[in-house]
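Visitor: For reference, the file protein_27.tsv (TSV, C-alpha atoms (C1' of nucleotides)) is included below:
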```tsv
chain	number	residue	atom	x	y	z
A	1	MET	CA	-20.74	58.74	-13.65
A	2	ALA	CA	-18.40	59.90	-11.01
A	3	THR	CA	-14.95	60.33	-12.45
A	4	SER	CA	-14.67	56.69	-13.40
A	5	ALA	CA	-16.91	54.02	-14.81
A	6	ARG	CA	-15.11	50.96	-13.53
A	7	GLN	CA	-16.91	47.64	-14.10
A	8	GLY	CA	-14.06	47.13	-16.51
A	9	PRO	CA	-12.82	43.64	-17.26
A	10	TYR	CA	-10.77	42.26	-14.41
A	11	PHE	CA	-7.92	39.81	-14.29
A	12	CYS	CA	-8.92	38.38	-10.95
A	13	GLY	CA	-10.67	39.09	-7.68
A	14	ILE	CA	-7.79	41.10	-6.29
A	15	ASP	CA	-7.92	43.27	-9.34
A	16	ALA	CA	-11.62	43.94	-8.81
A	17	ALA	CA	-11.14	44.66	-5.12
A	18	MET	CA	-8.15	46.90	-5.69
A	19	ASP	CA	-10.11	48.85	-8.24
A	20	VAL	CA	-12.61	49.71	-5.57
A	21	VAL	CA	-10.06	50.51	-2.87
A	22	ALA	CA	-7.70	52.36	-5.17
A	23	GLY	CA	-7.47	56.01	-4.32
A	24	LYS	CA	-5.27	57.59	-1.74
A	25	TRP	CA	-7.94	57.91	0.95
A	26	LYS	CA	-10.48	55.19	0.28
A	27	SER	CA	-9.15	52.64	2.70
A	28	LEU	CA	-8.93	55.36	5.33
A	29	ILE	CA	-12.52	56.41	4.68
A	30	LEU	CA	-13.51	52.78	5.04
A	31	TRP	CA	-11.62	52.63	8.29
A	32	GLU	CA	-13.16	55.84	9.63
A	33	LEU	CA	-16.70	54.82	8.80
A	34	HIS	CA	-16.11	51.39	10.22
A	35	HIS	CA	-14.94	52.70	13.56
A	36	HIS	CA	-17.50	55.46	13.90
A	37	GLY	CA	-20.51	53.91	12.26
A	38	THR	CA	-21.70	57.18	10.83
A	39	ARG	CA	-19.86	60.37	10.05
A	40	ARG	CA	-20.68	63.75	8.66
A	41	PHE	CA	-18.67	65.24	5.83
A	42	SER	CA	-16.80	67.65	8.04
A	43	GLU	CA	-16.10	64.92	10.58
A	44	LEU	CA	-14.55	62.77	7.91
A	45	ARG	CA	-12.52	65.72	6.75
A	46	ARG	CA	-11.15	66.31	10.21
A	47	GLY	CA	-10.56	62.60	10.67
A	48	LEU	CA	-8.43	62.44	7.53
A	49	PRO	CA	-5.78	65.10	8.01
A	50	GLY	CA	-4.41	66.23	4.70
A	51	VAL	CA	-7.31	65.29	2.48
A	52	SER	CA	-8.73	67.96	0.21
A	53	GLU	CA	-12.47	68.51	-0.06
A	54	LYS	CA	-12.36	67.64	-3.71
A	55	MET	CA	-10.76	64.27	-3.17
A	56	LEU	CA	-12.98	63.46	-0.23
A	57	VAL	CA	-16.14	64.20	-2.19
A	58	GLN	CA	-14.84	62.40	-5.23
A	59	HIS	CA	-13.86	59.28	-3.32
A	60	LEU	CA	-17.11	59.32	-1.39
A	61	ARG	CA	-19.10	59.52	-4.60
A	62	GLU	CA	-17.19	56.68	-6.20
A	63	MET	CA	-17.60	54.54	-3.12
A	64	GLU	CA	-21.29	55.32	-3.09
A	65	GLU	CA	-21.48	54.34	-6.73
A	66	ASP	CA	-19.61	51.15	-5.97
A	67	GLY	CA	-22.14	50.33	-3.31
A	68	LEU	CA	-19.70	50.66	-0.42
A	69	VAL	CA	-21.08	53.68	1.40
A	70	ASP	CA	-24.51	55.09	2.02
A	71	ARG	CA	-25.13	58.82	1.73
A	72	GLU	CA	-27.99	60.36	3.60
A	73	VAL	CA	-28.90	63.99	3.08
A	74	TYR	CA	-30.89	65.87	5.68
A	75	PRO	CA	-32.83	68.78	4.20
A	76	VAL	CA	-31.95	71.16	6.96
A	77	VAL	CA	-30.02	74.35	7.32
A	78	PRO	CA	-27.15	74.35	7.73
A	79	PRO	CA	-26.77	71.34	5.43
A	80	LYS	CA	-26.18	67.97	6.98
A	81	VAL	CA	-24.98	64.86	5.17
A	82	GLU	CA	-24.16	61.61	6.86
A	83	TYR	CA	-22.09	58.79	5.47
A	84	SER	CA	-22.10	55.20	6.59
A	85	LEU	CA	-21.01	51.81	5.32
A	86	THR	CA	-23.34	49.54	3.39
A	87	GLU	CA	-23.18	45.81	3.95
A	88	HIS	CA	-20.75	45.53	1.06
A	89	GLY	CA	-18.58	48.18	2.61
A	90	ILE	CA	-18.61	46.30	5.88
A	91	SER	CA	-17.67	43.03	4.24
A	92	LEU	CA	-14.90	44.74	2.31
A	93	ASN	CA	-13.56	46.07	5.55
A	94	ALA	CA	-13.59	42.58	6.98
A	95	ALA	CA	-11.79	41.31	3.90
A	96	LEU	CA	-9.13	43.95	4.43
A	97	ALA	CA	-8.47	42.80	7.99
A	98	SER	CA	-5.74	40.30	7.16
A	99	LEU	CA	-4.12	42.75	4.77
A	100	SER	CA	-4.18	45.33	7.51
A	101	ALA	CA	-2.49	42.89	9.85
A	102	TRP	CA	0.18	42.16	7.26
A	103	GLY	CA	0.76	45.87	6.81
A	104	GLY	CA	1.05	46.31	10.54
A	105	GLU	CA	3.72	43.64	10.58
A	106	ARG	CA	5.55	45.38	7.79
A	107	ILE	CA	5.48	48.70	9.59
A	108	ARG	CA	7.10	47.09	12.58
A	109	ARG	CA	9.56	45.22	10.39
A	110	ILE	CA	10.87	48.21	8.53
A	111	GLY	CA	10.40	50.53	11.46
A	112	ALA	CA	8.32	53.01	9.53
A	113	GLU	CA	6.75	55.98	11.15
A	114	LYS	CA	3.08	55.68	11.86
A	115	ILE	CA	0.54	58.43	12.00
A	116	THR	CA	-2.26	58.25	14.50
A	117	LEU	CA	-5.50	59.13	12.82
A	118	ASP	CA	-8.19	58.66	15.37
A	119	GLU	CA	-8.88	61.13	18.13
A	120	PRO	CA	-8.21	59.75	21.62
A	121	THR	CA	-11.75	59.66	22.94
A	122	ALA	CA	-13.75	61.90	20.68
A	123	VAL	CA	-15.28	63.23	23.90
A	124	GLU	CA	-12.33	65.23	25.09
A	125	VAL	CA	-12.07	66.58	21.60
A	126	ASP	CA	-15.58	67.83	21.89
A	127	VAL	CA	-14.61	69.62	25.04
A	128	GLU	CA	-11.66	71.21	23.28
A	129	VAL	CA	-13.78	72.31	20.41
A	130	GLY	CA	-16.44	73.72	22.61
B	1	MET	CA	16.65	53.02	-4.95
B	2	ALA	CA	14.23	51.80	-7.50
B	3	THR	CA	11.91	54.59	-8.53
B	4	SER	CA	10.56	55.05	-5.04
B	5	ALA	CA	11.83	55.00	-1.51
B	6	ARG	CA	8.64	54.17	0.35
B	7	GLN	CA	9.05	53.53	4.09
B	8	GLY	CA	7.10	56.73	4.33
B	9	PRO	CA	4.92	57.37	7.33
B	10	TYR	CA	1.75	55.33	7.20
B	11	PHE	CA	-1.70	55.93	8.55
B	12	CYS	CA	-2.38	52.29	9.23
B	13	GLY	CA	-1.57	48.73	8.21
B	14	ILE	CA	-3.72	48.85	5.12
B	15	ASP	CA	-1.88	51.91	4.01
B	16	ALA	CA	1.46	50.15	4.39
B	17	ALA	CA	0.21	47.08	2.56
B	18	MET	CA	-1.38	49.07	-0.24
B	19	ASP	CA	1.84	50.95	-0.72
B	20	VAL	CA	3.58	47.70	-1.47
B	21	VAL	CA	0.86	46.32	-3.75
B	22	ALA	CA	0.23	49.59	-5.55
B	23	GLY	CA	1.21	49.44	-9.17
B	24	LYS	CA	-0.81	48.20	-12.06
B	25	TRP	CA	0.76	44.74	-12.20
B	26	LYS	CA	2.08	43.98	-8.74
B	27	SER	CA	-0.81	41.92	-7.51
B	28	LEU	CA	-0.75	40.00	-10.77
B	29	ILE	CA	2.98	39.37	-10.41
B	30	LEU	CA	2.31	38.14	-6.91
B	31	TRP	CA	-0.37	35.87	-8.26
B	32	GLU	CA	1.83	34.53	-11.04
B	33	LEU	CA	4.75	33.77	-8.79
B	34	HIS	CA	2.45	32.24	-6.24
B	35	HIS	CA	0.91	29.82	-8.71
B	36	HIS	CA	4.10	28.90	-10.51
B	37	GLY	CA	6.60	29.02	-7.70
B	38	THR	CA	9.38	30.30	-9.90
B	39	ARG	CA	9.27	32.17	-13.17
B	40	ARG	CA	11.77	33.60	-15.59
B	41	PHE	CA	11.48	37.16	-16.79
B	42	SER	CA	10.12	36.20	-20.19
B	43	GLU	CA	7.67	33.79	-18.62
B	44	LEU	CA	6.28	36.54	-16.43
B	45	ARG	CA	6.05	38.77	-19.43
B	46	ARG	CA	4.04	36.23	-21.34
B	47	GLY	CA	1.91	35.52	-18.30
B	48	LEU	CA	0.98	39.18	-17.96
B	49	PRO	CA	-0.42	40.13	-21.36
B	50	GLY	CA	-0.12	43.83	-21.94
B	51	VAL	CA	2.72	44.59	-19.55
B	52	SER	CA	5.73	46.44	-20.93
B	53	GLU	CA	9.26	45.33	-20.14
B	54	LYS	CA	9.92	48.59	-18.42
B	55	MET	CA	7.02	48.26	-16.01
B	56	LEU	CA	7.71	44.62	-15.36
B	57	VAL	CA	11.34	45.28	-14.46
B	58	GLN	CA	10.41	48.33	-12.43
B	59	HIS	CA	7.75	46.53	-10.42
B	60	LEU	CA	9.98	43.52	-9.95
B	61	ARG	CA	12.77	45.73	-8.62
B	62	GLU	CA	10.48	47.51	-6.22
B	63	MET	CA	9.05	44.27	-4.98
B	64	GLU	CA	12.55	42.92	-4.53
B	65	GLU	CA	13.45	46.03	-2.59
B	66	ASP	CA	10.33	45.61	-0.47
B	67	GLY	CA	11.40	42.07	0.31
B	68	LEU	CA	8.54	40.43	-1.53
B	69	VAL	CA	10.35	38.68	-4.34
B	70	ASP	CA	13.66	36.98	-4.69
B	71	ARG	CA	15.77	37.52	-7.81
B	72	GLU	CA	18.29	34.91	-8.82
B	73	VAL	CA	20.67	35.56	-11.68
B	74	TYR	CA	22.36	32.67	-13.45
B	75	PRO	CA	25.65	33.67	-15.07
B	76	VAL	CA	25.00	31.83	-18.29
B	77	VAL	CA	24.48	32.69	-21.89
B	78	PRO	CA	21.86	33.44	-22.89
B	79	PRO	CA	21.06	35.26	-19.65
B	80	LYS	CA	18.72	33.60	-17.21
B	81	VAL	CA	17.01	35.25	-14.28
B	82	GLU	CA	14.49	33.59	-12.04
B	83	TYR	CA	12.00	35.28	-9.77
B	84	SER	CA	10.24	33.74	-6.81
B	85	LEU	CA	8.37	34.86	-3.71
B	86	THR	CA	10.11	35.40	-0.41
B	87	GLU	CA	8.36	34.41	2.78
B	88	HIS	CA	7.03	37.94	3.07
B	89	GLY	CA	5.68	37.73	-0.45
B	90	ILE	CA	4.00	34.47	0.38
B	91	SER	CA	2.42	35.83	3.53
B	92	LEU	CA	1.25	38.90	1.65
B	93	ASN	CA	-0.37	36.65	-0.87
B	94	ALA	CA	-2.13	34.82	1.91
B	95	ALA	CA	-3.27	38.12	3.38
B	96	LEU	CA	-4.72	39.02	0.00
B	97	ALA	CA	-6.80	35.86	-0.12
B	98	SER	CA	-9.88	37.25	1.59
B	99	LEU	CA	-9.67	40.41	-0.46
B	100	SER	CA	-9.47	38.28	-3.55
B	101	ALA	CA	-12.58	36.42	-2.47
B	102	TRP	CA	-14.41	39.68	-1.89
B	103	GLY	CA	-13.38	40.85	-5.34
B	104	GLY	CA	-14.60	37.63	-6.84
B	105	GLU	CA	-17.96	38.21	-5.21
B	106	ARG	CA	-18.05	41.71	-6.58
B	107	ILE	CA	-17.28	40.53	-10.10
B	108	ARG	CA	-20.22	38.20	-9.91
B	109	ARG	CA	-22.41	40.85	-8.34
B	110	ILE	CA	-21.86	43.50	-10.97
B	111	GLY	CA	-21.48	40.98	-13.76
B	112	ALA	CA	-18.13	42.30	-14.87
B	113	GLU	CA	-16.11	40.66	-17.56
B	114	LYS	CA	-13.23	38.60	-16.37
B	115	ILE	CA	-10.01	37.97	-18.19
B	116	THR	CA	-8.31	34.63	-17.89
B	117	LEU	CA	-4.65	35.18	-17.34
B	118	ASP	CA	-3.19	31.77	-17.03
B	119	GLU	CA	-2.71	29.73	-20.13
B	120	PRO	CA	-5.18	26.84	-20.34
B	121	THR	CA	-2.55	24.26	-21.06
B	122	ALA	CA	0.27	26.31	-22.49
B	123	VAL	CA	0.38	23.68	-25.19
B	124	GLU	CA	-2.58	24.72	-27.28
B	125	VAL	CA	-1.40	28.30	-27.03
B	126	ASP	CA	1.86	27.21	-28.52
B	127	VAL	CA	-0.03	25.77	-31.45
B	128	GLU	CA	-1.85	29.01	-32.10
B	129	VAL	CA	1.29	31.06	-31.88
B	130	GLY	CA	3.20	28.75	-34.12
C	1	DC	C1'	-21.93	72.93	6.17
C	2	DA	C1'	-21.34	70.48	2.07
C	3	DG	C1'	-20.04	70.69	-1.88
C	4	DG	C1'	-19.15	72.49	-7.34
C	5	DA	C1'	-15.85	74.39	-10.81
C	6	DT	C1'	-11.05	75.31	-12.34
C	7	DC	C1'	-6.34	75.14	-12.92
C	8	DC	C1'	-2.08	72.88	-12.32
C	9	DT	C1'	1.54	69.38	-11.19
C	10	DC	C1'	3.77	65.31	-10.98
C	11	DA	C1'	4.47	60.31	-10.98
C	12	DC	C1'	2.55	56.42	-13.25
C	13	DC	C1'	2.57	54.16	-17.11
C	14	DG	C1'	3.35	53.12	-22.15
C	15	DA	C1'	6.17	52.87	-26.54
C	16	DT	C1'	10.42	52.83	-28.67
C	17	DA	C1'	15.36	52.22	-29.31
C	18	DC	C1'	19.61	50.33	-27.73
C	19	DT	C1'	22.96	46.89	-25.10
C	20	DG	C1'	25.74	43.02	-22.56
D	1	DC	C1'	17.38	36.69	-22.84
D	2	DA	C1'	17.11	40.32	-19.74
D	3	DG	C1'	17.45	44.14	-19.26
D	4	DT	C1'	18.79	50.02	-19.66
D	5	DA	C1'	17.74	54.74	-21.39
D	6	DT	C1'	14.72	58.23	-22.95
D	7	DC	C1'	10.59	60.66	-24.41
D	8	DG	C1'	5.91	61.75	-23.96
D	9	DG	C1'	0.76	61.05	-22.69
D	10	DT	C1'	-2.63	60.75	-19.10
D	11	DG	C1'	-5.09	61.16	-15.09
D	12	DA	C1'	-5.04	60.99	-10.02
D	13	DG	C1'	-4.44	64.13	-6.73
D	14	DG	C1'	-3.87	68.97	-4.75
D	15	DA	C1'	-4.89	74.17	-4.14
D	16	DT	C1'	-7.97	77.72	-4.53
D	17	DC	C1'	-12.19	80.24	-5.28
D	18	DC	C1'	-17.15	80.22	-5.38
D	19	DT	C1'	-22.22	78.80	-3.99
D	20	DG	C1'	-26.93	76.94	-2.16
```
Output the file's structure as structure tokens, nothing else.
Guide:
Amino acid sequence: MATSARQGPYFCGIDAAMDVVAGKWKSLILWELHHHGTRRFSELRRGLPGVSEKMLVQHLREMEEDGLVDREVYPVVPPKVEYSLTEHGISLNAALASLSAWGGERIRRIGAEKITLDEPTAVEVDVEVG
Amino acid sequence: MATSARQGPYFCGIDAAMDVVAGKWKSLILWELHHHGTRRFSELRRGLPGVSEKMLVQHLREMEEDGLVDREVYPVVPPKVEYSLTEHGISLNAALASLSAWGGERIRRIGAEKITLDEPTAVEVDVEVG
DNA sequence: CAGGATCCTCACCGATACTG
DNA sequence: CAGTATCGGTGAGGATCCTG
């Protein structure tokens, strides 16, 4: 049991969906995994500026428990763990599309500042790192 | 300023949308107003079993501030205040549709208990209460 | 590299009492 | 009826240190 049992009685579908997406970084994790297919722990951490390891692990575990993400551990040294979306995670992401669009509209409407998460090409970054 | 300023920098559209829907009862309020068109304060309170007046007012104020709900005060005695969705609230509701469907699927999948919010006929309830 | 274990803070939410 | 004001609990989230 990872921090929360869930499965609790729900008022409606939105309630059930929100329960799964609730958490400061979950939708971002969903977004990251969706756009990259597969990501290592450290990659996710770099992709989500500001997240703490604790929260990242915790959210990842809950999402795994909820059947949204798949966690694959490679028994190598140094350790390597890869995360990816399950089919349910993918469908959830699709279901979030219209909400995302609405939010985009809202950002424009109220003129809020927007933070760019994704690295430009992920290739040039590699060059910088190396 | 009602409890929160928001407008904060967002990572993406989902983030901006979640910010507006965050709050234990907001999606339910949205749902109530969507299905009834217009509701008085006490009606909303009855429609959302378990909500406290404080939270209901607070959420309503925030949603008004976010341009989701419209608040109309009738200068009569006893006081009468009606809440309804603005066009943004309506479009948000529409954007939540697919998420709601996904949540419905999930409820079925995990076999979670579901609570019926809306009164069956609102007439039989009256009988039980009386 | 990928976490586990701890401590701490704050805002979310609930309950109660009072008012125009 | 439709709120306002206040107090207090709880847990999500954050910071830091430690480990296989």
Visitor: Contacts from chain B to chain C, 9 Å maximum, all atoms listed in the file: show me the residue list as a PDB file with C-alpha atoms, in the coordinates of the input.
Guide:
```
ATOM      1  CA  GLY B  23       1.210  49.440  -9.170  1.00  0.00           C
ATOM      2  CA  LYS B  24      -0.810  48.200 -12.060  1.00  0.00           C
ATOM      3  CA  VAL B  51       2.720  44.590 -19.550  1.00  0.00           C
ATOM      4  CA  SER B  52       5.730  46.440 -20.930  1.00  0.00           C
ATOM      5  CA  LYS B  54       9.920  48.590 -18.420  1.00  0.00           C
ATOM      6  CA  MET B  55       7.020  48.260 -16.010  1.00  0.00           C
TER       7      MET B  55
END
```
Visitor: Could you write out chain A as a PDB file with C-alpha atoms, in the coordinates of the input once it has been least-squares superposed on chain B using every ordered C-alpha pair?
Guide:
```pdb
ATOM      1  CA  MET A   1      16.728  52.933  -4.652  1.00  0.00           C
ATOM      2  CA  ALA A   2      14.275  51.775  -7.188  1.00  0.00           C
ATOM      3  CA  THR A   3      11.916  54.573  -8.065  1.00  0.00           C
ATOM      4  CA  SER A   4      10.612  54.854  -4.537  1.00  0.00           C
ATOM      5  CA  ALA A   5      12.007  54.676  -1.050  1.00  0.00           C
ATOM      6  CA  ARG A   6       8.876  53.714   0.823  1.00  0.00           C
ATOM      7  CA  GLN A   7       9.371  52.850   4.511  1.00  0.00           C
ATOM      8  CA  GLY A   8       7.494  56.085   4.961  1.00  0.00           C
ATOM      9  CA  PRO A   9       5.348  56.615   8.026  1.00  0.00           C
ATOM     10  CA  TYR A  10       2.121  54.675   7.806  1.00  0.00           C
ATOM     11  CA  PHE A  11      -1.312  55.296   9.208  1.00  0.00           C
ATOM     12  CA  CYS A  12      -2.074  51.640   9.714  1.00  0.00           C
ATOM     13  CA  GLY A  13      -1.356  48.135   8.506  1.00  0.00           C
ATOM     14  CA  ILE A  14      -3.548  48.473   5.449  1.00  0.00           C
ATOM     15  CA  ASP A  15      -1.623  51.539   4.490  1.00  0.00           C
ATOM     16  CA  ALA A  16       1.664  49.653   4.728  1.00  0.00           C
ATOM     17  CA  ALA A  17       0.316  46.704   2.765  1.00  0.00           C
ATOM     18  CA  MET A  18      -1.246  48.875   0.095  1.00  0.00           C
ATOM     19  CA  ASP A  19       2.020  50.693  -0.323  1.00  0.00           C
ATOM     20  CA  VAL A  20       3.640  47.438  -1.269  1.00  0.00           C
ATOM     21  CA  VAL A  21       0.850  46.247  -3.556  1.00  0.00           C
ATOM     22  CA  ALA A  22       0.252  49.622  -5.147  1.00  0.00           C
ATOM     23  CA  GLY A  23       1.151  49.644  -8.793  1.00  0.00           C
ATOM     24  CA  LYS A  24      -1.002  48.560 -11.653  1.00  0.00           C
ATOM     25  CA  TRP A  25       0.555  45.115 -12.069  1.00  0.00           C
ATOM     26  CA  LYS A  26       1.951  44.145  -8.692  1.00  0.00           C
ATOM     27  CA  SER A  27      -0.953  42.068  -7.516  1.00  0.00           C
ATOM     28  CA  LEU A  28      -0.977  40.329 -10.883  1.00  0.00           C
ATOM     29  CA  ILE A  29       2.743  39.609 -10.643  1.00  0.00           C
ATOM     30  CA  LEU A  30       2.116  38.197  -7.193  1.00  0.00           C
ATOM     31  CA  TRP A  31      -0.639  36.064  -8.613  1.00  0.00           C
ATOM     32  CA  GLU A  32       1.468  34.832 -11.530  1.00  0.00           C
ATOM     33  CA  LEU A  33       4.424  33.906  -9.369  1.00  0.00           C
ATOM     34  CA  HIS A  34       2.156  32.246  -6.873  1.00  0.00           C
ATOM     35  CA  HIS A  35       0.546  30.006  -9.448  1.00  0.00           C
ATOM     36  CA  HIS A  36       3.694  29.155 -11.358  1.00  0.00           C
ATOM     37  CA  GLY A  37       6.254  29.071  -8.603  1.00  0.00           C
ATOM     38  CA  THR A  38       8.985  30.460 -10.786  1.00  0.00           C
ATOM     39  CA  ARG A  39       8.847  32.517 -13.936  1.00  0.00           C
ATOM     40  CA  ARG A  40      11.285  34.045 -16.333  1.00  0.00           C
ATOM     41  CA  PHE A  41      11.028  37.679 -17.333  1.00  0.00           C
ATOM     42  CA  SER A  42       9.594  36.942 -20.738  1.00  0.00           C
ATOM     43  CA  GLU A  43       7.129  34.462 -19.264  1.00  0.00           C
ATOM     44  CA  LEU A  44       5.847  37.081 -16.886  1.00  0.00           C
ATOM     45  CA  ARG A  45       5.577  39.510 -19.749  1.00  0.00           C
ATOM     46  CA  ARG A  46       3.483  37.112 -21.764  1.00  0.00           C
ATOM     47  CA  GLY A  47       1.423  36.254 -18.708  1.00  0.00           C
ATOM     48  CA  LEU A  48       0.541  39.905 -18.145  1.00  0.00           C
ATOM     49  CA  PRO A  49      -0.911  41.078 -21.438  1.00  0.00           C
ATOM     50  CA  GLY A  50      -0.592  44.805 -21.782  1.00  0.00           C
ATOM     51  CA  VAL A  51       2.292  45.398 -19.425  1.00  0.00           C
ATOM     52  CA  SER A  52       5.270  47.326 -20.733  1.00  0.00           C
ATOM     53  CA  GLU A  53       8.807  46.112 -20.120  1.00  0.00           C
ATOM     54  CA  LYS A  54       9.575  49.243 -18.196  1.00  0.00           C
ATOM     55  CA  MET A  55       6.741  48.798 -15.750  1.00  0.00           C
ATOM     56  CA  LEU A  56       7.401  45.106 -15.345  1.00  0.00           C
ATOM     57  CA  VAL A  57      11.059  45.673 -14.524  1.00  0.00           C
ATOM     58  CA  GLN A  58      10.246  48.582 -12.278  1.00  0.00           C
ATOM     59  CA  HIS A  59       7.597  46.707 -10.326  1.00  0.00           C
ATOM     60  CA  LEU A  60       9.800  43.644 -10.086  1.00  0.00           C
ATOM     61  CA  ARG A  61      12.647  45.709  -8.698  1.00  0.00           C
ATOM     62  CA  GLU A  62      10.443  47.396  -6.135  1.00  0.00           C
ATOM     63  CA  MET A  63       8.987  44.085  -5.064  1.00  0.00           C
ATOM     64  CA  GLU A  64      12.470  42.668  -4.769  1.00  0.00           C
ATOM     65  CA  GLU A  65      13.453  45.644  -2.666  1.00  0.00           C
ATOM     66  CA  ASP A  66      10.382  45.149  -0.528  1.00  0.00           C
ATOM     67  CA  GLY A  67      11.398  41.576   0.061  1.00  0.00           C
ATOM     68  CA  LEU A  68       8.464  40.082  -1.830  1.00  0.00           C
ATOM     69  CA  VAL A  69      10.205  38.453  -4.772  1.00  0.00           C
ATOM     70  CA  ASP A  70      13.508  36.738  -5.308  1.00  0.00           C
ATOM     71  CA  ARG A  71      15.546  37.436  -8.429  1.00  0.00           C
ATOM     72  CA  GLU A  72      17.995  34.870  -9.638  1.00  0.00           C
ATOM     73  CA  VAL A  73      20.322  35.633 -12.516  1.00  0.00           C
ATOM     74  CA  TYR A  74      21.907  32.844 -14.505  1.00  0.00           C
ATOM     75  CA  PRO A  75      25.169  33.898 -16.140  1.00  0.00           C
ATOM     76  CA  VAL A  76      24.403  32.254 -19.421  1.00  0.00           C
ATOM     77  CA  VAL A  77      23.814  33.334 -22.960  1.00  0.00           C
ATOM     78  CA  PRO A  78      21.193  34.164 -23.878  1.00  0.00           C
ATOM     79  CA  PRO A  79      20.479  35.805 -20.517  1.00  0.00           C
ATOM     80  CA  LYS A  80      18.192  34.040 -18.117  1.00  0.00           C
ATOM     81  CA  VAL A  81      16.570  35.568 -15.047  1.00  0.00           C
ATOM     82  CA  GLU A  82      14.083  33.798 -12.863  1.00  0.00           C
ATOM     83  CA  TYR A  83      11.679  35.368 -10.429  1.00  0.00           C
ATOM     84  CA  SER A  84       9.969  33.695  -7.527  1.00  0.00           C
ATOM     85  CA  LEU A  85       8.161  34.645  -4.346  1.00  0.00           C
ATOM     86  CA  THR A  86       9.955  34.967  -1.031  1.00  0.00           C
ATOM     87  CA  GLU A  87       8.227  33.837   2.130  1.00  0.00           C
ATOM     88  CA  HIS A  88       6.958  37.368   2.639  1.00  0.00           C
ATOM     89  CA  GLY A  89       5.570  37.388  -0.854  1.00  0.00           C
ATOM     90  CA  ILE A  90       3.821  34.114  -0.184  1.00  0.00           C
ATOM     91  CA  SER A  91       2.308  35.352   3.048  1.00  0.00           C
ATOM     92  CA  LEU A  92       1.181  38.543   1.353  1.00  0.00           C
ATOM     93  CA  ASN A  93      -0.536  36.467  -1.256  1.00  0.00           C
ATOM     94  CA  ALA A  94      -2.292  34.529   1.462  1.00  0.00           C
ATOM     95  CA  ALA A  95      -3.326  37.781   3.103  1.00  0.00           C
ATOM     96  CA  LEU A  96      -4.810  38.910  -0.190  1.00  0.00           C
ATOM     97  CA  ALA A  97      -6.977  35.802  -0.464  1.00  0.00           C
ATOM     98  CA  SER A  98     -10.015  37.209   1.320  1.00  0.00           C
ATOM     99  CA  LEU A  99      -9.716  40.469  -0.584  1.00  0.00           C
ATOM    100  CA  SER A 100      -9.586  38.489  -3.783  1.00  0.00           C
ATOM    101  CA  ALA A 101     -12.734  36.653  -2.780  1.00  0.00           C
ATOM    102  CA  TRP A 102     -14.479  39.933  -2.023  1.00  0.00           C
ATOM    103  CA  GLY A 103     -13.436  41.269  -5.404  1.00  0.00           C
ATOM    104  CA  GLY A 104     -14.739  38.153  -7.073  1.00  0.00           C
ATOM    105  CA  GLU A 105     -18.073  38.729  -5.396  1.00  0.00           C
ATOM    106  CA  ARG A 106     -18.093  42.299  -6.586  1.00  0.00           C
ATOM    107  CA  ILE A 107     -17.368  41.290 -10.153  1.00  0.00           C
ATOM    108  CA  ARG A 108     -20.355  39.002 -10.091  1.00  0.00           C
ATOM    109  CA  ARG A 109     -22.478  41.625  -8.371  1.00  0.00           C
ATOM    110  CA  ILE A 110     -21.880  44.385 -10.849  1.00  0.00           C
ATOM    111  CA  GLY A 111     -21.554  42.017 -13.760  1.00  0.00           C
ATOM    112  CA  ALA A 112     -18.186  43.332 -14.823  1.00  0.00           C
ATOM    113  CA  GLU A 113     -16.234  41.793 -17.604  1.00  0.00           C
ATOM    114  CA  LYS A 114     -13.398  39.578 -16.551  1.00  0.00           C
ATOM    115  CA  ILE A 115     -10.205  38.911 -18.394  1.00  0.00           C
ATOM    116  CA  THR A 116      -8.661  35.487 -18.261  1.00  0.00           C
ATOM    117  CA  LEU A 117      -4.973  35.798 -17.634  1.00  0.00           C
ATOM    118  CA  ASP A 118      -3.650  32.321 -17.284  1.00  0.00           C
ATOM    119  CA  GLU A 119      -3.021  30.040 -20.216  1.00  0.00           C
ATOM    120  CA  PRO A 120      -5.261  26.956 -20.262  1.00  0.00           C
ATOM    121  CA  THR A 121      -2.657  24.291 -19.630  1.00  0.00           C
ATOM    122  CA  ALA A 122       0.659  25.889 -20.392  1.00  0.00           C
ATOM    123  CA  VAL A 123       1.436  22.636 -22.207  1.00  0.00           C
ATOM    124  CA  GLU A 124      -0.756  23.179 -25.210  1.00  0.00           C
ATOM    125  CA  VAL A 125       0.666  26.645 -25.392  1.00  0.00           C
ATOM    126  CA  ASP A 126       4.085  25.160 -25.656  1.00  0.00           C
ATOM    127  CA  VAL A 127       2.892  23.096 -28.551  1.00  0.00           C
ATOM    128  CA  GLU A 128       1.508  26.188 -30.241  1.00  0.00           C
ATOM    129  CA  VAL A 129       4.696  28.065 -29.741  1.00  0.00           C
ATOM    130  CA  GLY A 130       6.816  25.264 -30.993  1.00  0.00           C
TER     131      GLY A 130
END
```
Visitor: Using all atoms listed in the file, find each residue of chain D with at least one atom at most 8 Å away from an atom of chain A; report its shortest atom-to-atom pair and that distance in Å (one decimal), sort the rows by chain and rising residue number, and return the result as a Markdown table.
Guide:
```
| residue | atom | partner | partner_atom | distance |
| --- | --- | --- | --- | --- |
| D:DA12 | C1' | A:Gly23 | CA | 7.9 |
| D:DG13 | C1' | A:Met55 | CA | 7.3 |
| D:DG14 | C1' | A:Ser52 | CA | 7.0 |
```
Visitor: Please, which residues in chain B fall within 6 Å of chain A when counting all atoms listed in the file, and what is the closest atom pair and distance in Å to one decimal for each, ordered by chain then residue number, as a tab-separated table?
Guide:
```
residue	atom	partner	partner_atom	distance
B:Gln7	CA	A:Ala112	CA	5.5
B:Pro9	CA	A:Glu113	CA	4.5
B:Tyr10	CA	A:Lys114	CA	4.9
B:Phe11	CA	A:Ile115	CA	4.8
B:Gly13	CA	A:Gly103	CA	3.9
B:Ile14	CA	A:Ser100	CA	4.3
B:Ala16	CA	A:Gly103	CA	5.0
B:Ala17	CA	A:Gly103	CA	4.5
B:Ala95	CA	A:Leu99	CA	4.9
B:Ser98	CA	A:Ala95	CA	5.0
B:Leu99	CA	A:Ala95	CA	4.9
B:Ser100	CA	A:Ile14	CA	4.3
B:Gly103	CA	A:Gly13	CA	4.0
B:Gly104	CA	A:Gly13	CA	4.3
B:Ala112	CA	A:Gln7	CA	5.5
B:Glu113	CA	A:Pro9	CA	4.4
B:Lys114	CA	A:Tyr10	CA	4.8
B:Ile115	CA	A:Phe11	CA	4.8
```
